[in-house]
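As structure tokens, the structure follows; a few thoughts come after it.
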Amino acid sequence: MAENIPLELGTAPVGKLLKKYALPAIIAMAASSIYNMVDSIFIGQGCGPLAISGLAITFPLMNLSSAFGTLVGVGGATLTSVLLGQKNYDKAKRVLGNVFILNVIIGVVFTALSMAFLNPILRFFGASSDTLSYARSYMIPILLGNVITHLYFGLNSIVRVSGHPQKAMLATVLTVVVNTALDPIFIFVLKMGIQGAAVATIISQCISLVWILRILCDKREFLHFSKSSFGLDWPIAKRSLSIGLAPFLMNVASCFVVIFINNQFARHGGDLAIGAYGIVNRLVFIFLMIVMGFTQGMQPIAGYNYGARQYDRVLRVFHLTVYCACIVTSICFIVGVFFPRQAASIFTHDEQLIEMAAHGFTIDVLLFLIIGRQMVISNFFQSLGLARKAIFLSLSRQLLFLLPFLAVLPHFFGTDGVWYSMPASDLAALVVSEIMLASLKREFKKEQETKPEAQ
């Protein structure tokens, strides 16, 4: 099975590798964002503008669920990449079982706690008497299928870094295709409304999870399930969770920030302002997910070569990823500045909601010409397993910068103050990221100079 170990990560041209690993991830992430967008479009067109606002209320809880999923999945995938680069194959195999068990445990606990306090949680997130029923109807099926969601995302990350980015992509595309086909059936034909969209989501993820489990049960694969792999290895679990702590905290921070945003919009603009934010969130999400696809493609390459101490290759894949990411976010800037109304009108026919979303979209993308670089830098530290630095970068934009701006600017500019808080925090986070990147590059240079002496 040695031939299945992705040794090419340390030898093949970096550009070729990024294309191989990033392209499937980009397709998968773009498909995932389209899947979220399709949900919103069907809900907006089939259930009305308040349903869009109700869906936006669920974003913090969805982010929190995603946070626990990335804690296990991204941490396990990154650790697998580094261990393969260090040629520690036995330990890499044991990561797989830990990812499975931890996802099941965390998924069950999260579902139980969320279901027990669902109404107070949604109220806290900004739900009004008009939007609570929509948010609740959507979240109940999502929470009941939470373990499936966690396993689907976590195990798919392992498939991607184990040398099968195309199969990981196909699993995501399968989810999107099935969900897109089921949405109109459940929403319009079966007349289940917003709840139908949630049911379609879980069914589509369940089908893809079966596909992923088939891959990981194949004994011909280097990384596959075995009886011994299902024992929980606490040292591996601890290291995996520490690496995954950065995206976990970023998602948790995002959860609380979205709660704050929703409440500020509710205070200064009402339910439709929350709906406008939900639309802008979905539009921006498409482009950010494509950037995340590039960073996912970067992850196994950077992690492997960092483990192998090939720092020139690590920096090469970083700079190439930054270049690609900035192209993507620049396209988002163009759409947001020149075609915001056309983009917003996809989701609703309500003129007031379209106007509010278009205005917010233009403000939100003001710094998108450069924001791709900040995203890649943050994920670069994560890819190398540098947990503490990755955690700091993940939290800096959300907590150190965005929350203070959100607390102050709306008092002077109303709803515009909420919108302007986002590009302002992006700029501050980029400055901090550049300082930390420069420090890391100096460490690489020092390590490279002492490497021959160590040998």
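Chain labels follow the order of the structure tokens: the first chain is A, the next B, and so on; residue numbering restarts at 1 in every chain, and ligands are counted from 1 in their shown order.
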Close residues, A:Ser345 itself excluded, 10 Å, only C-alpha atoms, min 3 positions apart in chain, as a list in words: Ile41, Ile279, Pro340, Arg341, Gln342, Thr348, His349, Asp350, Glu351, Leu353, Ile354, Glu355, Ala357 and Ala358 of chain A
Set the distance at 9 Å and use only C-alpha atoms: which residues neighbour A:Leu55 once local chain neighbours fewer than 6 positions away are removed? I'd like the list as a list in words. Ser40, Ile43, Thr131, Tyr134, Ala135, Tyr138, Met139, Ile194, Gly275 and Gly278 of chain A
Find the residues around stretch 186-193 of chain A up to 9 Å (only C-alpha atoms counted), leave out those fewer than 3 positions away in its own chain, and share them as a PyMOL selection string. chain A and resi 42-43+46-47+134+137+182-183+196-197+199-200
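From atom CA of A:Gly303 back to atom CA of A:Val322, the distance works out to 16.4 Å.
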Among listed residues A:Leu241, A:Ile259, A:Val147, A:Ile101, nearest A:Leu122 (using only C-alpha atoms):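 Ranking A:Leu241, A:Ile259, A:Val147, A:Ile101 by distance to A:Leu122, first place goes to A:Ile259.
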Figure out the distance between atom CA of A:Ala168 and atom CA of A:Ala22, please, to one decimal in Å.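 Distance between the two atoms: 11.3 Å.
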With only C-alpha atoms as the counted atoms, please give the residues lying no more than 10 Å from stretch 437-439 of chain A, apart from itself and same-chain residues fewer than 4 positions off, as a list of chain:residue names.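 Within the cut-off, the hits are A:Ile377, A:Ser378, A:Phe380, A:Phe381, A:Val432, A:Ser433, A:Glu443, A:Phe444.
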If you run DSSP on this backbone, which residues of stretch 216-290 of chain A come out as helix (DSSP H, G or I), and could you give them as a ChimeraX atom specification? /A:216,227-230,234-268,271-290
